[in-house]
Amino acid sequence: MSRLLRYLKPYWWSILIVLGLLFAQAMADLALPNYMSNIVNVGIQQGGVETAVPVAISQTQMERLSLFLSPEEQTTVLGAYTLSADPAQALKKYLSKDAELPTEPIYLLNELTSEQINALNPIISRAEVVVYMLQQAQKDPEAAAKYSAQAGFDLSKIPAGTDIFTLLKQMPPAQLSGMLTSITEKFTAMGPKVLTEAAIPAVKDEYTNLGIDVAGIQSAYILRMGGIMLLYTLAIVICSILVGFFAGRSAAGVAHDLRKALFTKVESFSKAEFEQFSSSSLITRSTNDITQMQMTVFMLQRMVFYAPIIGIGAIIRAVQKSPSMTWIIGLGVGILVVIIATVFSVSLPKFKLIQKMIDRLNLVTRESLSGLMVIRAFNTQKFELERFDKANVDLTRNNLFVSRVMVVMMPAMMLLMNGLSLLIIWVGGHRVADSMIQVGDMMAFLQYAMQVVFSFLMMSFMFIILPRAAVSANRIADVLAVQPTIKDPQEPKPFDVNSRGLVEFRNVSFRYPGAEENVICNITFTAKPGQTTAIIGSTGSGKSTVVNLIPRFFDVTEGAVLVDGRDVREVNQEELRKRIGYIPQRGILFSGTVRSNLAFADENASETDLQKAADIAQASGFIKEMEGGMEGAISQGGTNVSGGQKQRLAIARALVKQPPIYIFDDSLSALDFKTDAALRRALKNETEKSTMIIVTQRVSTIKNAEQIVVLD
């Protein structure tokens, strides 16, 4: 495939745009699980309260918190708040409609940066958790037993009606300091997120006491996170559409350029190059193989570029969520790689056979359709059906084998992903129970793990396409790499403006590429303007080979062929062929109309020129009888006209060109003797100044020729 990379250069800007859009799409995809985690952790479990740092706190509660803060921490916390003596004004924008205003002074949080809040959060959350436990222990004996171990002493022994915080204030400083150290050590073992989550009930309880709308905070947070997720989803949709547009545009452009280059290259082939590739193979390369390349270029941009971005990003995000669980992703990826390697080691050899089998199927189909009349005439329909069936069954069998192997991948992938999901939930559930991670983080980790697996799955799908694409690319590159043996000279010589069409063979010998012996040896003759030179000989004597040397379909092995004194190898092929009207053995007509086929020689030919050429070629009669006359339809290959009509239209096409040299390569063979004689008389009258070279096996066709060359 590397041999075709140059065809991507015109579309580098489109590919860069696709990469940028894919990166943006991947970032949006990776952000969604994080916001989902926030909705679960903060929106649902924490009631929309994002941190343990309350926006407002009563003076009494602040004093209680200070009991469990060191002097330095007290200074830090109090420095982050401002005491307000007017609760109504301070809490105006936070209060719910039916709330009662607090009567004591309120501490309001100052304008702090996110970094300052993050630094303050673990300090204040630890104190809030302890205060909340003590408050619950005073209200509920069962809670007292539950929290005693965490508090460091038996809370159930505190007398009923006793204010525990008053007792704590009366404790000796050394004892209170020891309790603070013990509590700090216990809560430090908890992760910062888990500690924050544990402190949230204390914050919500304080908000309720102050009359702050807690339900409104939760609703606002969930709506805000949901809105952000919708925006990211919209961005993903837009990026996906634009990626499809630009990837499709560049893929179609590459296919267009490859198809054009391939067709242009094939048009430059001489007959020697056509021996290397069959027509069916060239058709397959121009259609099926280029379609494979187009699909590959599109999928490379759409999937292969995207998969590494999303895979690497998901691994990074998963590690951030729970580093201790990343071994699960590694296990899943390892199993996935083993599955992919096993599947493709089995199926890869078959991919390389499929394109050759498509060639074979096209060849059999083309031969059967083009030779349909012969097949029917010899009653070989059954044999041809068996030949086609064999090619079809071989291709089908290989495709089915590959499909059956590849179909194993999807169930295996689903089993792997479901197994990973169960393992993540089982391990994550234990870690949630141990207060090591939050539920939302476990859910986000699960989604990131699935994204990693999907990224590898996307890349594995490319292994289905790439082997066939590599074969197709090599087949296309093989054609494009062929250097035509017939080339224009670097410094072509011009023809004389007064040239008349003199053709001269000087000691010409020729052998076909790869042959051991010459086909023709030491031929010398001159075909003069105004004269007819006939070439006659037995079948296989080289008559067509001789005339094919004049328009330079082949180059001579020895000697030289000259037109108007110029060696045909010293002039441009286009200039040389402008001087030649060539009518091949097999008349080739193109789909269209009679007019379009005659004007093929000169698209600017007038109606008079077309009609005159048809008259000389003895074609006017049947053209008038056709529906539409000159606008009558000609089917592909001229299958709707007879062999003789086809030859006459081919002759008329050459006459429209009005060249100085005419080459008739046994192109009168399908004409009856009467039409042959009439056509030759008309040619003699209208082309008396041109050089006529006629290849034939009919003696009557050439008995009046000025020169007869007999090949043996």
# chains A, B, ... in the order shown; residues from 1 in each chain; ligands from 1
>>> residues_around(residues="Val407 of chain A", least_positions_apart="5", cutoff="12 Å", atoms="only C-alpha atoms", output="list of chain:residue names")
A:Ile340, A:Val343, A:Phe344, A:Ser347, A:Asn399, A:Leu400, A:Phe401, A:Val402, A:Ala412, A:Met413, A:Met414, A:Phe461, A:Ile464
>>> write_last_selection(atoms="C-alpha atoms", output="mmCIF file, in the first residue's frame")
data_model
loop_
_atom_site.group_PDB
_atom_site.id
_atom_site.type_symbol
_atom_site.label_atom_id
_atom_site.label_comp_id
_atom_site.auth_asym_id
_atom_site.auth_seq_id
_atom_site.Cartn_x
_atom_site.Cartn_y
_atom_site.Cartn_z
ATOM 1 C CA ILE A 340 -7.667 -11.303 17.325
ATOM 2 C CA VAL A 343 -8.707 -15.359 14.217
ATOM 3 C CA PHE A 344 -6.494 -13.532 11.738
ATOM 4 C CA SER A 347 -8.217 -16.149 7.959
ATOM 5 C CA ASN A 399 -15.793 -16.000 1.519
ATOM 6 C CA LEU A 400 -17.856 -18.286 3.737
ATOM 7 C CA PHE A 401 -14.745 -19.641 5.430
ATOM 8 C CA VAL A 402 -13.511 -16.127 6.192
ATOM 9 C CA ALA A 412 -16.232 -13.503 21.743
ATOM 10 C CA MET A 413 -16.110 -9.723 22.100
ATOM 11 C CA MET A 414 -19.531 -9.598 23.733
ATOM 12 C CA PHE A 461 -12.094 -4.699 12.240
ATOM 13 C CA ILE A 464 -10.603 -7.591 8.020
#
>>> residues_around(residues="Val561 of chain A", least_positions_apart="2", cutoff="12 Å", atoms="only C-alpha atoms", output="ChimeraX atom specification")
/A:502-510,522-527,546-552,554-559,563-571,576
>>> write_last_selection(atoms="N, CA, C and O atoms", output="short mmCIF file (atom, residue, chain, number, x, y, z; two decimals), in the first residue's frame")
data_model
loop_
_atom_site.label_atom_id
_atom_site.label_comp_id
_atom_site.auth_asym_id
_atom_site.auth_seq_id
_atom_site.Cartn_x
_atom_site.Cartn_y
_atom_site.Cartn_z
N LEU A 502 4.05 8.93 -47.38
CA LEU A 502 4.95 7.90 -47.88
C LEU A 502 5.35 6.97 -46.73
O LEU A 502 5.82 7.41 -45.69
N VAL A 503 5.16 5.64 -46.91
CA VAL A 503 5.51 4.64 -45.89
C VAL A 503 6.62 3.77 -46.44
O VAL A 503 6.53 3.26 -47.56
N GLU A 504 7.67 3.61 -45.63
CA GLU A 504 8.83 2.84 -46.10
C GLU A 504 9.29 1.87 -45.01
O GLU A 504 9.45 2.25 -43.85
N PHE A 505 9.48 0.60 -45.38
CA PHE A 505 10.05 -0.41 -44.50
C PHE A 505 11.48 -0.67 -44.96
O PHE A 505 11.72 -0.98 -46.13
N ARG A 506 12.43 -0.56 -44.04
CA ARG A 506 13.84 -0.78 -44.37
C ARG A 506 14.39 -1.93 -43.54
O ARG A 506 14.63 -1.79 -42.34
N ASN A 507 14.56 -3.05 -44.17
CA ASN A 507 15.14 -4.24 -43.52
C ASN A 507 14.52 -4.50 -42.14
O ASN A 507 15.21 -4.68 -41.14
N VAL A 508 13.21 -4.52 -42.11
CA VAL A 508 12.49 -4.64 -40.84
C VAL A 508 12.41 -6.10 -40.41
O VAL A 508 12.00 -6.97 -41.18
N SER A 509 12.81 -6.36 -39.17
CA SER A 509 12.61 -7.65 -38.52
C SER A 509 11.90 -7.40 -37.19
O SER A 509 12.09 -6.34 -36.56
N PHE A 510 11.11 -8.36 -36.75
CA PHE A 510 10.35 -8.17 -35.51
C PHE A 510 10.10 -9.50 -34.83
O PHE A 510 9.81 -10.50 -35.49
N ASN A 522 13.66 -9.10 -42.28
CA ASN A 522 14.25 -8.35 -43.40
C ASN A 522 13.23 -7.95 -44.46
O ASN A 522 13.41 -8.19 -45.65
N ILE A 523 12.16 -7.32 -44.01
CA ILE A 523 11.16 -6.83 -44.96
C ILE A 523 11.53 -5.43 -45.41
O ILE A 523 11.79 -4.55 -44.59
N THR A 524 11.51 -5.23 -46.70
CA THR A 524 11.79 -3.92 -47.28
C THR A 524 10.79 -3.65 -48.40
O THR A 524 10.67 -4.46 -49.33
N PHE A 525 10.04 -2.57 -48.27
CA PHE A 525 9.16 -2.13 -49.36
C PHE A 525 8.77 -0.68 -49.09
O PHE A 525 8.94 -0.16 -47.99
N THR A 526 8.22 -0.04 -50.11
CA THR A 526 7.76 1.35 -50.01
C THR A 526 6.33 1.44 -50.51
O THR A 526 6.01 0.97 -51.61
N ALA A 527 5.45 2.02 -49.69
CA ALA A 527 4.06 2.27 -50.06
C ALA A 527 3.93 3.75 -50.37
O ALA A 527 4.11 4.60 -49.50
N VAL A 546 2.88 -6.73 -39.60
CA VAL A 546 3.54 -5.72 -40.44
C VAL A 546 2.83 -4.38 -40.34
O VAL A 546 3.47 -3.34 -40.10
N VAL A 547 1.50 -4.36 -40.51
CA VAL A 547 0.79 -3.07 -40.49
C VAL A 547 0.72 -2.49 -39.09
O VAL A 547 0.60 -1.27 -38.92
N ASN A 548 0.81 -3.32 -38.05
CA ASN A 548 0.81 -2.80 -36.68
C ASN A 548 2.09 -2.04 -36.36
O ASN A 548 2.13 -1.26 -35.39
N LEU A 549 3.13 -2.24 -37.15
CA LEU A 549 4.38 -1.51 -36.94
C LEU A 549 4.29 -0.08 -37.44
O LEU A 549 5.04 0.78 -36.98
N ILE A 550 3.36 0.20 -38.38
CA ILE A 550 3.27 1.55 -38.95
C ILE A 550 2.74 2.55 -37.93
O ILE A 550 3.37 3.59 -37.69
N PRO A 551 1.59 2.29 -37.27
CA PRO A 551 1.13 3.23 -36.23
C PRO A 551 1.87 3.05 -34.91
O PRO A 551 1.51 3.64 -33.91
N ARG A 552 2.88 2.21 -34.92
CA ARG A 552 3.76 1.97 -33.76
C ARG A 552 3.02 1.33 -32.60
O ARG A 552 3.19 1.71 -31.44
N PHE A 554 3.67 -1.72 -32.07
CA PHE A 554 4.88 -2.40 -31.64
C PHE A 554 6.07 -1.64 -32.24
O PHE A 554 5.92 -0.93 -33.23
N ASP A 555 7.24 -1.79 -31.61
CA ASP A 555 8.47 -1.25 -32.18
C ASP A 555 9.23 -2.37 -32.87
O ASP A 555 9.25 -3.52 -32.39
N VAL A 556 9.86 -2.02 -33.97
CA VAL A 556 10.63 -3.03 -34.72
C VAL A 556 11.79 -3.53 -33.87
O VAL A 556 12.32 -2.80 -33.03
N THR A 557 12.17 -4.79 -34.12
CA THR A 557 13.33 -5.35 -33.44
C THR A 557 14.61 -4.93 -34.16
O THR A 557 15.61 -4.58 -33.53
N GLU A 558 14.55 -4.92 -35.49
CA GLU A 558 15.67 -4.48 -36.32
C GLU A 558 15.12 -3.67 -37.48
O GLU A 558 13.97 -3.84 -37.88
N GLY A 559 15.95 -2.81 -38.04
CA GLY A 559 15.54 -2.00 -39.17
C GLY A 559 14.75 -0.79 -38.74
O GLY A 559 14.83 -0.35 -37.58
N VAL A 563 7.75 7.08 -42.02
CA VAL A 563 6.57 7.75 -42.59
C VAL A 563 7.01 9.14 -42.99
O VAL A 563 7.48 9.93 -42.15
N ASP A 564 6.91 9.40 -44.31
CA ASP A 564 7.36 10.69 -44.85
C ASP A 564 8.79 11.00 -44.43
O ASP A 564 9.13 12.13 -44.05
N GLY A 565 9.62 9.99 -44.46
CA GLY A 565 11.04 10.16 -44.20
C GLY A 565 11.42 10.20 -42.74
O GLY A 565 12.61 10.29 -42.41
N ARG A 566 10.45 10.12 -41.86
CA ARG A 566 10.75 10.15 -40.42
C ARG A 566 10.57 8.74 -39.84
O ARG A 566 9.55 8.09 -40.07
N ASP A 567 11.58 8.32 -39.07
CA ASP A 567 11.44 7.06 -38.34
C ASP A 567 10.30 7.24 -37.33
O ASP A 567 10.26 8.23 -36.58
N VAL A 568 9.38 6.29 -37.31
CA VAL A 568 8.21 6.43 -36.43
C VAL A 568 8.60 6.50 -34.96
O VAL A 568 7.82 6.96 -34.13
N ARG A 569 9.81 6.07 -34.61
CA ARG A 569 10.27 6.15 -33.22
C ARG A 569 10.79 7.53 -32.86
O ARG A 569 11.08 7.79 -31.70
N GLU A 570 10.91 8.41 -33.88
CA GLU A 570 11.47 9.75 -33.63
C GLU A 570 10.39 10.82 -33.54
O GLU A 570 10.71 11.99 -33.32
N VAL A 571 9.11 10.44 -33.72
CA VAL A 571 8.03 11.43 -33.71
C VAL A 571 7.05 11.10 -32.59
O VAL A 571 7.04 9.99 -32.06
N LEU A 576 1.92 10.99 -35.27
CA LEU A 576 2.00 9.88 -36.21
C LEU A 576 0.60 9.34 -36.52
O LEU A 576 0.24 9.14 -37.69
#
>>> closest_residue(among="A:Val319, A:Ser66, A:Val699, A:Ala705", to="Arg681 of chain A", atoms="only C-alpha atoms")
A:Ala705
>>> residues_around(residues="Ser2 of chain A", least_positions_apart="2", cutoff="10 Å", atoms="only C-alpha atoms", output="list in words")
Leu4, Leu5, Arg6, Ala470, Ala473, Asn474 and Ala477 of chain A
>>> residues_around(residues="Val304 of chain A", least_positions_apart="4", cutoff="8 Å", atoms="only C-alpha atoms", output="number ranges by chain")
A: 299-300, 308, 458-459, 462
>>> closest_atom_pairs(of="segment 195-233 of chain A", to="segment 50-58 of chain A", cutoff="12 Å", atoms="only C-alpha atoms", output="JSON lines")
{"residue": "A:Leu195", "atom": "CA", "partner": "A:Ala52", "partner_atom": "CA", "distance": 8.8}
{"residue": "A:Thr196", "atom": "CA", "partner": "A:Ala52", "partner_atom": "CA", "distance": 5.6}
{"residue": "A:Glu197", "atom": "CA", "partner": "A:Ala52", "partner_atom": "CA", "distance": 7.8}
{"residue": "A:Ala198", "atom": "CA", "partner": "A:Ala52", "partner_atom": "CA", "distance": 8.9}
{"residue": "A:Ala199", "atom": "CA", "partner": "A:Ala52", "partner_atom": "CA", "distance": 5.9}
{"residue": "A:Ile200", "atom": "CA", "partner": "A:Ala52", "partner_atom": "CA", "distance": 5.8}
{"residue": "A:Pro201", "atom": "CA", "partner": "A:Ala52", "partner_atom": "CA", "distance": 9.2}
{"residue": "A:Ala202", "atom": "CA", "partner": "A:Ala52", "partner_atom": "CA", "distance": 8.4}
{"residue": "A:Val203", "atom": "CA", "partner": "A:Pro54", "partner_atom": "CA", "distance": 6.1}
{"residue": "A:Lys204", "atom": "CA", "partner": "A:Pro54", "partner_atom": "CA", "distance": 8.7}
{"residue": "A:Asp205", "atom": "CA", "partner": "A:Ile57", "partner_atom": "CA", "distance": 10.6}
{"residue": "A:Glu206", "atom": "CA", "partner": "A:Ile57", "partner_atom": "CA", "distance": 6.8}
{"residue": "A:Tyr207", "atom": "CA", "partner": "A:Ala56", "partner_atom": "CA", "distance": 7.6}
{"residue": "A:Thr208", "atom": "CA", "partner": "A:Ile57", "partner_atom": "CA", "distance": 10.8}
{"residue": "A:Asn209", "atom": "CA", "partner": "A:Ser58", "partner_atom": "CA", "distance": 8.9}
{"residue": "A:Leu210", "atom": "CA", "partner": "A:Ser58", "partner_atom": "CA", "distance": 7.6}
{"residue": "A:Gly211", "atom": "CA", "partner": "A:Ala56", "partner_atom": "CA", "distance": 10.7}
{"residue": "A:Ile212", "atom": "CA", "partner": "A:Ala56", "partner_atom": "CA", "distance": 9.1}
{"residue": "A:Val214", "atom": "CA", "partner": "A:Pro54", "partner_atom": "CA", "distance": 11.9}
{"residue": "A:Ile217", "atom": "CA", "partner": "A:Glu50", "partner_atom": "CA", "distance": 9.9}
{"residue": "A:Gln218", "atom": "CA", "partner": "A:Glu50", "partner_atom": "CA", "distance": 9.7}
{"residue": "A:Ala220", "atom": "CA", "partner": "A:Glu50", "partner_atom": "CA", "distance": 11.8}
{"residue": "A:Tyr221", "atom": "CA", "partner": "A:Glu50", "partner_atom": "CA", "distance": 8.8}
{"residue": "A:Ile222", "atom": "CA", "partner": "A:Glu50", "partner_atom": "CA", "distance": 11.2}
{"residue": "A:Met225", "atom": "CA", "partner": "A:Glu50", "partner_atom": "CA", "distance": 11.8}
>>> residues_around(residues="Gln447 of chain A", least_positions_apart="3", cutoff="12 Å", atoms="only C-alpha atoms", output="JSON, numbers by chain")
{"A": [29, 30, 31, 32, 33, 34, 35, 36, 37, 310, 311, 314, 315, 317, 318, 321, 329, 417, 418, 420, 421, 424, 425, 440, 441, 442, 443, 444, 450, 451, 452, 453, 454]}
>>> write_last_selection(atoms="C-alpha atoms", output="PDB file, in the first residue's frame")
ATOM      1  CA  ASP A  29     -16.692  10.937  24.410  1.00  0.00           C
ATOM      2  CA  LEU A  30     -14.206  10.650  27.266  1.00  0.00           C
ATOM      3  CA  ALA A  31     -15.835  13.504  29.187  1.00  0.00           C
ATOM      4  CA  LEU A  32     -19.303  11.935  29.285  1.00  0.00           C
ATOM      5  CA  PRO A  33     -18.508   9.112  31.790  1.00  0.00           C
ATOM      6  CA  ASN A  34     -16.897  11.677  34.087  1.00  0.00           C
ATOM      7  CA  TYR A  35     -20.031  13.842  34.092  1.00  0.00           C
ATOM      8  CA  MET A  36     -22.167  10.744  34.611  1.00  0.00           C
ATOM      9  CA  SER A  37     -19.946   9.940  37.586  1.00  0.00           C
ATOM     10  CA  ILE A 310     -10.116   6.976  22.490  1.00  0.00           C
ATOM     11  CA  GLY A 311      -8.169   3.919  23.725  1.00  0.00           C
ATOM     12  CA  ALA A 314      -9.825   5.953  28.234  1.00  0.00           C
ATOM     13  CA  ILE A 315      -6.856   4.207  29.869  1.00  0.00           C
ATOM     14  CA  ARG A 317      -9.087   8.412  32.619  1.00  0.00           C
ATOM     15  CA  ALA A 318      -9.592   4.921  34.076  1.00  0.00           C
ATOM     16  CA  LYS A 321     -10.614   7.020  38.568  1.00  0.00           C
ATOM     17  CA  ILE A 329      -8.347  -3.533  31.663  1.00  0.00           C
ATOM     18  CA  MET A 417     -17.079  -7.228  27.539  1.00  0.00           C
ATOM     19  CA  ASN A 418     -19.811  -8.761  29.696  1.00  0.00           C
ATOM     20  CA  LEU A 420     -15.178  -7.545  32.197  1.00  0.00           C
ATOM     21  CA  SER A 421     -18.326  -5.712  33.313  1.00  0.00           C
ATOM     22  CA  ILE A 424     -15.391  -4.598  37.440  1.00  0.00           C
ATOM     23  CA  ILE A 425     -18.718  -4.533  39.302  1.00  0.00           C
ATOM     24  CA  GLY A 440     -20.056   6.944  40.344  1.00  0.00           C
ATOM     25  CA  ASP A 441     -16.317   6.399  39.935  1.00  0.00           C
ATOM     26  CA  MET A 442     -16.863   2.665  39.609  1.00  0.00           C
ATOM     27  CA  MET A 443     -19.511   3.278  36.930  1.00  0.00           C
ATOM     28  CA  ALA A 444     -17.208   5.651  35.062  1.00  0.00           C
ATOM     29  CA  MET A 450     -15.632  -0.631  27.577  1.00  0.00           C
ATOM     30  CA  GLN A 451     -14.180   2.238  25.536  1.00  0.00           C
ATOM     31  CA  VAL A 452     -10.733   0.630  25.697  1.00  0.00           C
ATOM     32  CA  VAL A 453     -12.140  -2.707  24.533  1.00  0.00           C
ATOM     33  CA  PHE A 454     -14.139  -1.012  21.763  1.00  0.00           C
TER      34      PHE A 454
END
>>> closest_residue(among="A:Pro513, A:Pro494, A:Pro323, A:Gly592", to="Lys271 of chain A", atoms="only C-alpha atoms")
A:Pro513
>>> decode(residues="segment 397-412 of chain A", atoms="N, CA and C atoms", output="short mmCIF file (atom, residue, chain, number, x, y, z; two decimals), in the first residue's frame")
data_model
loop_
_atom_site.label_atom_id
_atom_site.label_comp_id
_atom_site.auth_asym_id
_atom_site.auth_seq_id
_atom_site.Cartn_x
_atom_site.Cartn_y
_atom_site.Cartn_z
N ARG A 397 -16.95 -20.35 -1.31
CA ARG A 397 -16.39 -21.18 -0.24
C ARG A 397 -15.35 -20.39 0.57
N ASN A 398 -14.49 -19.65 -0.13
CA ASN A 398 -13.49 -18.86 0.59
C ASN A 398 -14.12 -17.74 1.39
N ASN A 399 -15.12 -17.07 0.79
CA ASN A 399 -15.79 -16.00 1.52
C ASN A 399 -16.52 -16.54 2.74
N LEU A 400 -17.15 -17.69 2.60
CA LEU A 400 -17.86 -18.29 3.74
C LEU A 400 -16.89 -18.70 4.84
N PHE A 401 -15.74 -19.24 4.43
CA PHE A 401 -14.74 -19.64 5.43
C PHE A 401 -14.29 -18.43 6.24
N VAL A 402 -13.96 -17.34 5.51
CA VAL A 402 -13.51 -16.13 6.19
C VAL A 402 -14.63 -15.58 7.07
N SER A 403 -15.85 -15.57 6.55
CA SER A 403 -16.97 -15.03 7.32
C SER A 403 -17.23 -15.86 8.57
N ARG A 404 -17.12 -17.18 8.45
CA ARG A 404 -17.37 -18.03 9.61
C ARG A 404 -16.31 -17.85 10.69
N VAL A 405 -15.08 -17.62 10.23
CA VAL A 405 -14.02 -17.36 11.20
C VAL A 405 -14.23 -16.00 11.86
N MET A 406 -14.55 -15.00 11.02
CA MET A 406 -14.69 -13.65 11.55
C MET A 406 -15.92 -13.52 12.45
N VAL A 407 -16.96 -14.32 12.16
CA VAL A 407 -18.18 -14.20 12.94
C VAL A 407 -17.97 -14.65 14.38
N VAL A 408 -16.91 -15.40 14.62
CA VAL A 408 -16.59 -15.81 15.99
C VAL A 408 -16.21 -14.60 16.84
N MET A 409 -15.69 -13.56 16.18
CA MET A 409 -15.17 -12.42 16.93
C MET A 409 -16.24 -11.71 17.73
N MET A 410 -17.41 -11.47 17.10
CA MET A 410 -18.42 -10.67 17.78
C MET A 410 -18.94 -11.34 19.05
N PRO A 411 -19.35 -12.63 19.00
CA PRO A 411 -19.74 -13.27 20.28
C PRO A 411 -18.61 -13.29 21.30
N ALA A 412 -17.37 -13.50 20.82
CA ALA A 412 -16.23 -13.50 21.74
C ALA A 412 -16.05 -12.13 22.38
#
